[in-house]
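Here's data_27.txt, which has compact mmCIF, C-alpha atoms:
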# COMPACT_ATOMS: atom_id res chain seq x y z
CA MET A 1 114.89 -100.50 211.12
CA ALA A 2 112.92 -97.96 209.19
CA SER A 3 111.21 -99.80 206.38
CA GLU A 4 109.37 -96.94 204.80
CA ILE A 5 105.93 -97.09 203.34
CA ASP A 6 106.23 -96.56 199.66
CA SER A 7 103.75 -94.32 197.99
CA GLN A 8 102.30 -97.24 196.03
CA GLN A 9 101.44 -98.96 199.28
CA ARG A 10 99.58 -96.20 201.05
CA PRO A 11 96.21 -97.74 201.66
CA VAL A 12 93.02 -95.74 201.83
CA SER A 13 90.62 -96.87 204.55
CA ALA A 14 86.83 -96.87 204.71
CA LYS A 15 84.44 -98.06 207.34
CA ILE A 16 81.05 -99.68 207.77
CA VAL A 17 79.20 -100.42 210.99
CA ILE A 18 77.43 -103.57 212.16
CA SER A 19 74.77 -102.72 214.70
CA GLY A 20 71.73 -104.18 216.44
CA GLY A 21 70.66 -105.36 219.87
CA PHE A 22 72.66 -107.33 222.40
CA GLY A 23 73.53 -110.88 221.33
CA VAL A 24 72.13 -110.50 217.85
CA GLY A 25 75.28 -111.78 216.17
CA LYS A 26 77.32 -108.64 215.47
CA THR A 27 80.65 -110.16 216.45
CA THR A 28 79.80 -113.39 214.63
CA PHE A 29 79.10 -111.36 211.53
CA VAL A 30 82.34 -109.42 211.86
CA SER A 31 84.24 -112.74 212.17
CA ALA A 32 82.51 -114.12 209.11
CA VAL A 33 83.57 -111.30 206.80
CA SER A 34 86.91 -110.33 208.32
CA GLU A 35 90.20 -111.58 206.91
CA ILE A 36 91.79 -111.34 210.34
CA ALA A 37 90.50 -112.75 213.61
CA PRO A 38 88.32 -109.97 215.03
CA LEU A 39 90.19 -107.57 217.23
CA ARG A 40 88.85 -105.98 220.34
CA THR A 41 89.49 -102.43 221.34
CA GLU A 42 88.30 -101.01 224.59
CA ALA A 43 87.29 -97.76 226.08
CA LYS A 44 87.11 -97.22 229.81
CA MET A 45 84.42 -95.05 231.23
CA THR A 46 82.23 -94.55 234.19
CA SER A 47 78.61 -95.49 233.90
CA ALA A 48 77.58 -92.48 235.97
CA ALA A 49 75.72 -90.06 233.77
CA SER A 50 77.36 -87.04 235.30
CA GLY A 51 80.15 -85.47 233.33
CA VAL A 52 81.56 -83.87 236.44
CA ASP A 53 84.62 -85.49 237.87
CA ASP A 54 84.57 -84.67 241.52
CA ALA A 55 86.81 -86.83 243.64
CA THR A 56 84.20 -87.00 246.40
CA PHE A 57 81.89 -88.90 244.07
CA VAL A 58 84.51 -91.36 243.01
CA GLN A 59 83.24 -94.08 245.31
CA GLN A 60 79.80 -94.03 243.75
CA LYS A 61 81.02 -94.43 240.24
CA THR A 62 81.36 -97.78 238.67
CA SER A 63 83.86 -98.16 235.93
CA THR A 64 82.90 -100.08 232.83
CA THR A 65 84.79 -101.40 229.91
CA VAL A 66 83.10 -100.97 226.59
CA ALA A 67 84.49 -103.38 224.06
CA MET A 68 84.19 -103.00 220.34
CA ASP A 69 84.99 -105.86 218.04
CA PHE A 70 86.12 -105.10 214.56
CA GLY A 71 87.49 -106.78 211.49
CA LYS A 72 89.14 -105.84 208.26
CA ILE A 73 88.82 -106.66 204.58
CA THR A 74 91.60 -105.73 202.17
CA VAL A 75 89.32 -105.22 199.21
CA GLU A 76 92.10 -104.57 196.76
CA GLN A 77 95.65 -103.43 197.10
CA GLY A 78 95.50 -100.01 198.66
CA LEU A 79 91.87 -100.15 199.77
CA VAL A 80 90.91 -101.43 203.19
CA LEU A 81 87.40 -101.74 204.59
CA TYR A 82 87.02 -101.82 208.38
CA VAL A 83 83.95 -103.45 209.83
CA PHE A 84 83.05 -102.19 213.30
CA GLY A 85 80.51 -103.71 215.64
CA THR A 86 78.70 -101.28 217.94
CA PRO A 87 78.69 -102.04 221.65
CA GLY A 88 75.36 -103.69 222.41
CA GLN A 89 74.18 -101.62 225.32
CA ASP A 90 72.21 -98.50 224.57
CA ARG A 91 73.71 -96.56 227.41
CA PHE A 92 76.99 -96.53 225.54
CA GLY A 93 75.36 -94.72 222.67
CA PHE A 94 77.99 -92.03 222.72
CA MET A 95 80.55 -94.63 221.65
CA TRP A 96 78.33 -95.18 218.63
CA ASN A 97 78.99 -91.63 217.48
CA ASP A 98 82.68 -92.32 217.49
CA ILE A 99 82.32 -95.52 215.50
CA THR A 100 79.72 -94.14 213.11
CA ALA A 101 81.27 -90.79 212.20
CA GLY A 102 82.44 -91.05 208.61
CA ALA A 103 80.95 -94.52 208.05
CA LEU A 104 79.70 -95.33 204.56
CA GLY A 105 76.73 -97.28 205.84
CA ALA A 106 75.41 -99.62 208.49
CA LEU A 107 73.98 -103.10 208.72
CA ILE A 108 71.42 -103.47 211.51
CA LEU A 109 71.10 -107.09 212.52
CA VAL A 110 67.72 -108.19 213.81
CA ASP A 111 66.60 -111.24 215.74
CA THR A 112 62.94 -111.69 214.78
CA ARG A 113 62.19 -113.03 218.26
CA ARG A 114 63.31 -109.74 219.79
CA LEU A 115 62.36 -107.23 217.18
CA ASP A 116 62.17 -104.30 219.58
CA GLU A 117 65.88 -104.47 220.37
CA CYS A 118 66.83 -102.93 217.06
CA PHE A 119 64.64 -99.82 217.46
CA ASN A 120 67.42 -97.76 218.99
CA ALA A 121 69.80 -98.60 216.19
CA ILE A 122 67.25 -97.72 213.52
CA ASP A 123 66.54 -94.36 215.17
CA PHE A 124 70.24 -93.68 215.50
CA PHE A 125 71.11 -94.20 211.84
CA GLU A 126 67.91 -92.58 210.56
CA GLU A 127 68.62 -89.43 212.56
CA ARG A 128 72.15 -89.21 211.21
CA GLY A 129 71.21 -89.89 207.62
CA VAL A 130 73.53 -92.91 207.42
CA PRO A 131 72.28 -95.38 204.78
CA PHE A 132 71.42 -98.72 206.38
CA VAL A 133 70.11 -102.17 205.59
CA ILE A 134 68.17 -104.44 207.94
CA GLY A 135 69.62 -107.95 208.13
CA LEU A 136 67.32 -110.61 209.56
CA ASN A 137 69.77 -112.95 211.21
CA GLN A 138 68.76 -116.59 211.05
CA PHE A 139 68.28 -118.16 214.43
CA ASP A 140 67.13 -121.74 214.73
CA GLY A 141 63.52 -121.85 215.80
CA ALA A 142 62.89 -118.17 215.15
CA PRO A 143 59.56 -117.36 213.53
CA GLN A 144 59.70 -116.71 209.79
CA HIS A 145 57.79 -113.49 209.27
CA SER A 146 57.27 -112.05 205.83
CA ILE A 147 59.46 -109.11 204.86
CA ASP A 148 56.33 -106.97 204.54
CA ASP A 149 55.23 -107.78 208.06
CA ILE A 150 58.67 -106.91 209.40
CA ARG A 151 58.72 -103.66 207.46
CA GLU A 152 55.41 -102.72 208.96
CA ALA A 153 56.46 -103.73 212.46
CA LEU A 154 59.61 -101.65 212.19
CA ASP A 155 57.80 -98.78 210.45
CA LEU A 156 60.49 -98.67 207.79
CA ASP A 157 60.59 -96.66 204.62
CA ARG A 158 60.24 -98.67 201.39
CA ALA A 159 63.71 -97.53 200.36
CA VAL A 160 65.36 -99.39 203.23
CA PRO A 161 66.24 -102.93 202.14
CA ILE A 162 65.38 -105.82 204.46
CA VAL A 163 67.40 -108.92 203.72
CA ARG A 164 67.78 -112.36 205.26
CA THR A 165 71.27 -113.20 206.37
CA ASP A 166 73.23 -115.72 208.38
CA ALA A 167 76.04 -114.23 210.40
CA ARG A 168 77.65 -117.65 210.75
CA GLY A 169 78.31 -118.12 207.08
CA CYS A 170 81.10 -116.30 205.31
CA GLU A 171 79.42 -116.32 201.90
CA THR A 172 76.03 -115.26 203.18
CA ALA A 173 77.60 -112.51 205.24
CA LEU A 174 79.65 -111.23 202.29
CA GLU A 175 76.51 -111.26 200.16
CA THR A 176 74.86 -109.11 202.81
CA LEU A 177 77.78 -106.67 202.62
CA VAL A 178 77.24 -106.48 198.86
CA GLN A 179 73.58 -105.67 199.48
CA LEU A 180 74.56 -102.97 201.95
CA LEU A 181 77.12 -101.38 199.62
CA THR A 182 74.62 -101.52 196.74
CA HIS A 183 72.15 -99.64 198.90
CA VAL A 184 74.83 -97.12 199.90
CA LEU A 185 75.64 -96.56 196.24
CA GLN A 186 71.97 -96.02 195.39
CA SER A 187 71.55 -93.59 198.28
CA LEU A 188 74.60 -91.62 197.20
CA SER A 189 73.48 -91.55 193.58
CA ALA A 190 70.05 -90.30 194.60
CA LYS A 191 71.66 -87.69 196.78
CA ALA A 192 73.91 -86.55 193.95
CA VAL A 193 70.77 -85.69 191.95
CA ALA A 194 68.75 -84.27 194.83
CA PRO A 195 69.88 -81.17 196.75
CA PRO A 196 72.79 -82.18 198.96
CA ARG A 197 72.08 -82.86 202.59
CA PRO A 198 74.56 -81.25 204.94
CA GLU A 199 77.78 -83.21 205.08
CA ARG A 200 78.40 -84.95 208.33
CA PRO A 201 81.22 -83.42 210.32
CA ALA A 202 84.61 -85.07 210.21
CA PRO A 203 85.24 -87.84 212.72
CA VAL A 204 85.56 -86.25 216.09
CA VAL A 205 85.90 -87.48 219.61
CA THR A 206 84.59 -84.94 222.01
CA ASP A 207 86.54 -83.82 225.01
CA ASP A 208 83.71 -85.14 227.11
CA MET A 209 84.19 -88.66 225.74
CA ARG A 210 87.90 -88.45 226.29
CA SER A 211 87.67 -87.09 229.77
CA ARG A 212 85.19 -89.81 230.74
CA ALA A 213 87.53 -92.47 229.45
CA MET A 214 90.53 -90.97 231.14
CA SER A 215 88.82 -90.28 234.43
CA ALA A 216 87.71 -93.90 234.52
CA LEU A 217 91.34 -94.88 234.29
CA ALA A 218 92.19 -92.50 237.06
CA THR A 219 89.38 -93.88 239.19
CA GLU A 220 90.59 -97.43 238.74
CA ARG A 221 94.03 -96.31 239.60
CA SER A 222 93.10 -94.63 242.82
CA GLY A 223 90.83 -97.50 243.79
CA ALA A 224 93.43 -100.19 243.15
CA MET B 1 89.87 -116.57 223.68
CA GLU B 2 92.76 -114.30 223.14
CA THR B 3 90.76 -111.12 223.18
CA ASP B 4 89.25 -112.05 226.52
CA ASP B 5 92.64 -112.73 227.99
CA LYS B 6 93.82 -109.38 226.85
CA SER B 7 90.88 -107.59 228.39
CA GLU B 8 91.54 -109.33 231.67
CA LEU B 9 95.11 -108.22 231.60
CA LEU B 10 93.93 -104.68 231.18
CA GLU B 11 91.54 -105.03 234.07
CA GLU B 12 94.02 -106.32 236.54
CA GLY B 13 97.46 -105.17 235.76
CA ALA B 14 98.62 -102.94 233.10
CA PHE B 15 96.31 -100.14 233.02
CA THR B 16 97.51 -97.34 235.02
CA ARG B 17 100.45 -97.14 232.72
CA PRO B 18 98.78 -95.78 229.59
CA TYR B 19 97.15 -93.08 231.63
CA LEU B 20 100.48 -92.10 233.14
CA LEU B 21 101.93 -92.16 229.69
CA THR B 22 99.66 -89.45 228.42
CA GLY B 23 100.51 -87.39 231.49
CA GLY B 24 96.84 -87.33 232.37
CA ARG B 25 95.97 -85.62 229.13
CA THR B 26 92.78 -86.54 227.42
CA ARG B 27 93.64 -84.94 224.12
CA SER B 28 96.64 -84.23 222.02
CA GLU B 29 97.61 -80.84 220.72
CA ALA B 30 97.97 -82.36 217.30
CA GLY B 31 94.32 -83.01 216.53
CA GLU B 32 91.61 -85.64 216.19
CA LEU B 33 91.87 -89.02 214.54
CA ALA B 34 89.19 -91.38 213.27
CA VAL B 35 89.19 -94.96 214.58
CA GLU B 36 89.74 -96.27 211.06
CA ALA B 37 92.49 -93.78 210.16
CA MET B 38 95.57 -95.70 209.10
CA ILE B 39 98.89 -94.72 210.57
CA ALA B 40 102.35 -95.33 209.12
CA VAL B 41 105.86 -94.38 210.15
CA THR B 42 107.20 -91.30 208.48
CA LYS B 43 109.99 -91.95 206.03
CA GLY B 44 113.35 -91.26 207.64
CA SER B 45 112.03 -90.90 211.19
CA SER B 46 113.62 -92.68 214.13
CA PRO B 47 111.84 -94.85 216.68
CA PRO B 48 110.87 -93.11 219.93
CA ALA B 49 112.86 -94.04 223.03
CA ASP B 50 109.83 -94.74 225.18
CA ARG B 51 108.90 -98.41 225.15
CA ASP B 52 105.18 -97.99 224.51
CA LEU B 53 105.66 -95.35 221.87
CA ALA B 54 108.29 -97.57 220.29
CA ALA B 55 105.75 -100.42 220.21
CA ILE B 56 103.33 -98.20 218.30
CA TYR B 57 106.12 -97.11 215.98
CA SER B 58 107.19 -100.67 215.34
CA LEU B 59 103.61 -101.76 214.59
CA CYS B 60 103.20 -98.91 212.12
CA GLN B 61 106.06 -100.08 209.94
CA THR B 62 103.08 -101.60 208.20
CA PRO B 63 100.08 -99.25 208.13
CA ASN B 64 97.66 -99.95 210.98
CA SER B 65 94.48 -98.18 212.00
CA ILE B 66 94.00 -96.45 215.34
CA ALA B 67 91.63 -99.26 216.32
CA GLU B 68 94.25 -101.90 215.48
CA ILE B 69 96.91 -100.03 217.41
CA SER B 70 94.61 -99.90 220.42
CA ALA B 71 93.83 -103.61 220.18
CA LYS B 72 97.32 -104.86 219.40
CA CYS B 73 99.10 -102.66 221.94
CA ALA B 74 96.39 -103.41 224.54
CA MET B 75 95.69 -99.79 225.34
CA PRO B 76 92.28 -98.13 225.55
CA LEU B 77 91.17 -96.43 222.38
CA GLY B 78 91.33 -92.93 223.83
CA VAL B 79 94.88 -93.44 225.04
CA ALA B 80 96.06 -94.88 221.72
CA ARG B 81 94.56 -91.85 220.00
CA VAL B 82 96.38 -89.37 222.17
CA LEU B 83 99.74 -91.10 221.82
CA VAL B 84 99.44 -91.55 218.07
CA ALA B 85 98.33 -87.96 217.63
CA ASP B 86 101.40 -86.83 219.55
CA LEU B 87 103.73 -88.86 217.35
CA TRP B 88 101.89 -87.55 214.34
CA GLY B 89 102.25 -83.99 215.61
CA GLU B 90 106.00 -84.32 215.95
CA GLY B 91 106.27 -85.93 212.50
CA THR B 92 107.29 -89.42 213.58
CA LEU B 93 104.09 -90.99 212.25
CA GLU B 94 101.86 -89.99 209.41
CA VAL B 95 98.13 -90.37 208.98
CA LEU B 96 96.98 -91.89 205.71
CA GLU B 97 93.85 -90.95 203.87
CA THR B 98 90.38 -92.01 205.02
CA THR B 99 87.45 -91.93 202.63
CA ARG B 100 84.64 -89.44 202.70
CA SER B 101 81.30 -91.04 203.44
CA ASP B 102 79.91 -89.72 200.13
CA ASP B 103 82.68 -90.97 197.87
CA ILE B 104 80.79 -92.87 195.16
CA ALA B 105 83.96 -94.06 193.39
CA ILE B 106 85.22 -95.72 196.56
CA VAL B 107 81.88 -97.44 197.19
CA ARG B 108 81.99 -98.81 193.62
CA ARG B 109 85.50 -100.15 194.15
CA LEU B 110 84.48 -101.76 197.44
CA LEU B 111 81.44 -103.32 195.80
CA ASP B 112 83.43 -104.75 192.91
CA GLY B 113 86.16 -105.98 195.19
CA ILE B 114 83.80 -107.80 197.55
CA ARG B 115 81.70 -109.25 194.72
CA ASN B 116 84.85 -110.76 193.24
CA ARG B 117 85.97 -112.45 196.38
Translate this structure into structure tokens?
Amino acid sequence: MASEIDSQQRPVSAKIVISGGFGVGKTTFVSAVSEIAPLRTEAKMTSAASGVDDATFVQQKTSTTVAMDFGKITVEQGLVLYVFGTPGQDRFGFMWNDITAGALGALILVDTRRLDECFNAIDFFEERGVPFVIGLNQFDGAPQHSIDDIREALDLDRAVPIVRTDARGCETALETLVQLLTHVLQSLSAKAVAPPRPERPAPVVTDDMRSRAMSALATERSGA
Amino acid sequence: METDDKSELLEEGAFTRPYLLTGGRTRSEAGELAVEAMIAVTKGSSPPADRDLAAIYSLCQTPNSIAEISAKCAMPLGVARVLVADLWGEGTLEVLETTRSDDIAIVRRLLDGIRNR
């Protein structure tokens, strides 16, 4: 039954991240660009902030499932781009590290009616030096602010592109991906000339993240 | 929706099993794997006897990422990682190349590929 993978067919994979506030259209965007129906992967964890797993506290912990939706684009034979949506809730920020480590860039979707909900995402990618583009997702009835006004409201550097997008449309969404990758390319080219910034560490899941996930499973088990 | 059904299944039934499968371990000796890392069966290896490991092995006849394995085998991400890393460590599966985040040539190829869709 072993059908081996021939060396010609060993795909290389890359990753980008779709982020933004809750309900801003991340999963819709992933569906629009993905060649497969979006898949959902889950991580179990407790919402208690404490990293200590003491059985006596088990009753006070609530277990939560964090779901990440993702899609896939086979760009050419042997090159696959994964598109990961970040979980919407800020308190699961540590999952963002996992998804973001090694990502080429990020699209931050914004609903202009709830501008403040993207602040966390902007801070997150700015701090990590991940190139990102702001995508103003079109919602019916949402106010049409000028790009300049939005830039000012978000206190964004001129270098960060702000584009209008529609997560519901495949072509519009793909065009937004092109804008993101163009920006990533420009950032990398600029970096190649300027002194290099420290390379981000290789993708890593910390023991803490693992033990949270696993202890949540154990908690469920004992509570069942 | 299918994904919702699957998550419900995890909630109510199946989920002690993956934890038992890893023997309570939260990490594998073999190392760390990125969510987008693609996994393929090693040429000449044989399928594991265990049913869940065999499911992973069978899926990876065609390269699949850790995230896909987690989703398609309905196991939490952390558990899929540990199991795959184990199979990788013993040489049953291999991990294919992921790109560096500063690889300009790859970004160009992605850009061209998506523009031409």
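In this comparison, which uses only C-alpha atoms, the residue of A:Ala37, A:Val110, A:Ala153, A:Val160 approaching chain B most closely is A:Ala37.
Between CA of Ala34 in chain B and CA of Ser65 in chain B there is a distance of 8.7 Å.
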Taking all atoms listed in the file into account, find every residue of chain B that has an atom no more than 7 Å from chain A, and write it out as a compact mmCIF listing (two decimals) with C-alpha atoms, in the frame of the given file.
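Result went into part35.txt, see below:
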# COMPACT_ATOMS: atom_id res chain seq x y z
CA THR B 3 90.76 -111.12 223.18
CA THR B 16 97.51 -97.34 235.02
CA TYR B 19 97.15 -93.08 231.63
CA THR B 26 92.78 -86.54 227.42
CA GLU B 32 91.61 -85.64 216.19
CA LEU B 33 91.87 -89.02 214.54
CA ALA B 34 89.19 -91.38 213.27
CA VAL B 35 89.19 -94.96 214.58
CA GLU B 36 89.74 -96.27 211.06
CA ALA B 37 92.49 -93.78 210.16
CA MET B 38 95.57 -95.70 209.10
CA VAL B 41 105.86 -94.38 210.15
CA LYS B 43 109.99 -91.95 206.03
CA GLY B 44 113.35 -91.26 207.64
CA GLN B 61 106.06 -100.08 209.94
CA ALA B 67 91.63 -99.26 216.32
CA SER B 70 94.61 -99.90 220.42
CA ALA B 71 93.83 -103.61 220.18
CA PRO B 76 92.28 -98.13 225.55
CA LEU B 77 91.17 -96.43 222.38
CA GLY B 78 91.33 -92.93 223.83
CA LEU B 96 96.98 -91.89 205.71
CA GLU B 97 93.85 -90.95 203.87
CA THR B 98 90.38 -92.01 205.02
CA THR B 99 87.45 -91.93 202.63
CA ARG B 100 84.64 -89.44 202.70
CA SER B 101 81.30 -91.04 203.44
CA ASP B 102 79.91 -89.72 200.13
CA ILE B 104 80.79 -92.87 195.16
CA VAL B 107 81.88 -97.44 197.19
CA LEU B 110 84.48 -101.76 197.44
CA LEU B 111 81.44 -103.32 195.80
CA GLY B 113 86.16 -105.98 195.19
CA ILE B 114 83.80 -107.80 197.55
CA ARG B 115 81.70 -109.25 194.72
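In this model, the gap between CA of Gln144 in chain A and CA of Ala167 in chain A comes to 16.5 Å.
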I want to know what sits within 8 Å of range 50-57 of chain B, based on all atoms listed in the file, with residues of the same chain fewer than 6 positions away left out; could you give that as number ranges by chain? B: 41, 69, 73, 83-84, 93
Write the residues you've just listed into a file as a tab-separated table (two decimals), in the frame of the given file, and include C-alpha atoms for each of them.
chain	number	residue	atom	x	y	z
B	41	VAL	CA	105.86	-94.38	210.15
B	69	ILE	CA	96.91	-100.03	217.41
B	73	CYS	CA	99.10	-102.66	221.94
B	83	LEU	CA	99.74	-91.10	221.82
B	84	VAL	CA	99.44	-91.55	218.07
B	93	LEU	CA	104.09	-90.99	212.25
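Coordinates place CA of Leu107 in chain A at a distance of 5.6 Å from CA of Phe132 in chain A.
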Counting all atoms listed in the file, the option among A:Gln77, A:Thr112, A:Thr165, A:Thr28 closest to Gly135 in chain A: A:Thr165
How big is the axis-aligned box around all listed atoms of range 121-130 of chain A once 8 Å goes on each side, and where's its centre, in Å to one decimal, as JSON?
{"center_x": 70.0, "center_y": -93.9, "center_z": 211.8, "size_x": 23.0, "size_y": 25.4, "size_z": 24.8}
Any chance you could turn range 85-97 of chain B into a file with N, CA and C atoms, as a PDB file, in the first residue's frame?
ATOM      1  N   ALA B  85       5.131  13.691  15.154  1.00  0.00           N
ATOM      2  CA  ALA B  85       6.544  13.822  15.496  1.00  0.00           C
ATOM      3  C   ALA B  85       7.130  12.464  15.895  1.00  0.00           C
ATOM      4  N   ASP B  86       6.328  11.666  16.585  1.00  0.00           N
ATOM      5  CA  ASP B  86       6.782  10.321  16.953  1.00  0.00           C
ATOM      6  C   ASP B  86       7.063   9.479  15.710  1.00  0.00           C
ATOM      7  N   LEU B  87       6.109   9.489  14.787  1.00  0.00           N
ATOM      8  CA  LEU B  87       6.267   8.694  13.567  1.00  0.00           C
ATOM      9  C   LEU B  87       7.428   9.215  12.715  1.00  0.00           C
ATOM     10  N   TRP B  88       7.641  10.490  12.807  1.00  0.00           N
ATOM     11  CA  TRP B  88       8.766  11.108  12.120  1.00  0.00           C
ATOM     12  C   TRP B  88      10.081  10.644  12.772  1.00  0.00           C
ATOM     13  N   GLY B  89      10.065  10.662  14.112  1.00  0.00           N
ATOM     14  CA  GLY B  89      11.253  10.261  14.862  1.00  0.00           C
ATOM     15  C   GLY B  89      11.677   8.828  14.580  1.00  0.00           C
ATOM     16  N   GLU B  90      10.694   7.955  14.377  1.00  0.00           N
ATOM     17  CA  GLU B  90      11.047   6.561  14.109  1.00  0.00           C
ATOM     18  C   GLU B  90      11.224   6.294  12.615  1.00  0.00           C
ATOM     19  N   GLY B  91      11.079   7.330  11.796  1.00  0.00           N
ATOM     20  CA  GLY B  91      11.374   7.198  10.370  1.00  0.00           C
ATOM     21  C   GLY B  91      10.223   6.723   9.511  1.00  0.00           C
ATOM     22  N   THR B  92       9.033   6.618  10.083  1.00  0.00           N
ATOM     23  CA  THR B  92       7.881   6.160   9.304  1.00  0.00           C
ATOM     24  C   THR B  92       7.342   7.273   8.408  1.00  0.00           C
ATOM     25  N   LEU B  93       7.408   8.508   8.930  1.00  0.00           N
ATOM     26  CA  LEU B  93       6.961   9.667   8.162  1.00  0.00           C
ATOM     27  C   LEU B  93       8.139  10.603   7.966  1.00  0.00           C
ATOM     28  N   GLU B  94       8.076  11.399   6.923  1.00  0.00           N
ATOM     29  CA  GLU B  94       9.075  12.441   6.791  1.00  0.00           C
ATOM     30  C   GLU B  94       8.423  13.813   6.683  1.00  0.00           C
ATOM     31  N   VAL B  95       9.199  14.802   7.100  1.00  0.00           N
ATOM     32  CA  VAL B  95       8.710  16.177   7.108  1.00  0.00           C
ATOM     33  C   VAL B  95       9.309  16.897   5.907  1.00  0.00           C
ATOM     34  N   LEU B  96       8.456  17.449   5.073  1.00  0.00           N
ATOM     35  CA  LEU B  96       8.929  18.155   3.882  1.00  0.00           C
ATOM     36  C   LEU B  96       9.297  19.594   4.245  1.00  0.00           C
ATOM     37  N   GLU B  97       9.867  20.255   3.290  1.00  0.00           N
ATOM     38  CA  GLU B  97      10.436  21.569   3.529  1.00  0.00           C
ATOM     39  C   GLU B  97       9.358  22.651   3.714  1.00  0.00           C
TER      40      GLU B  97
END
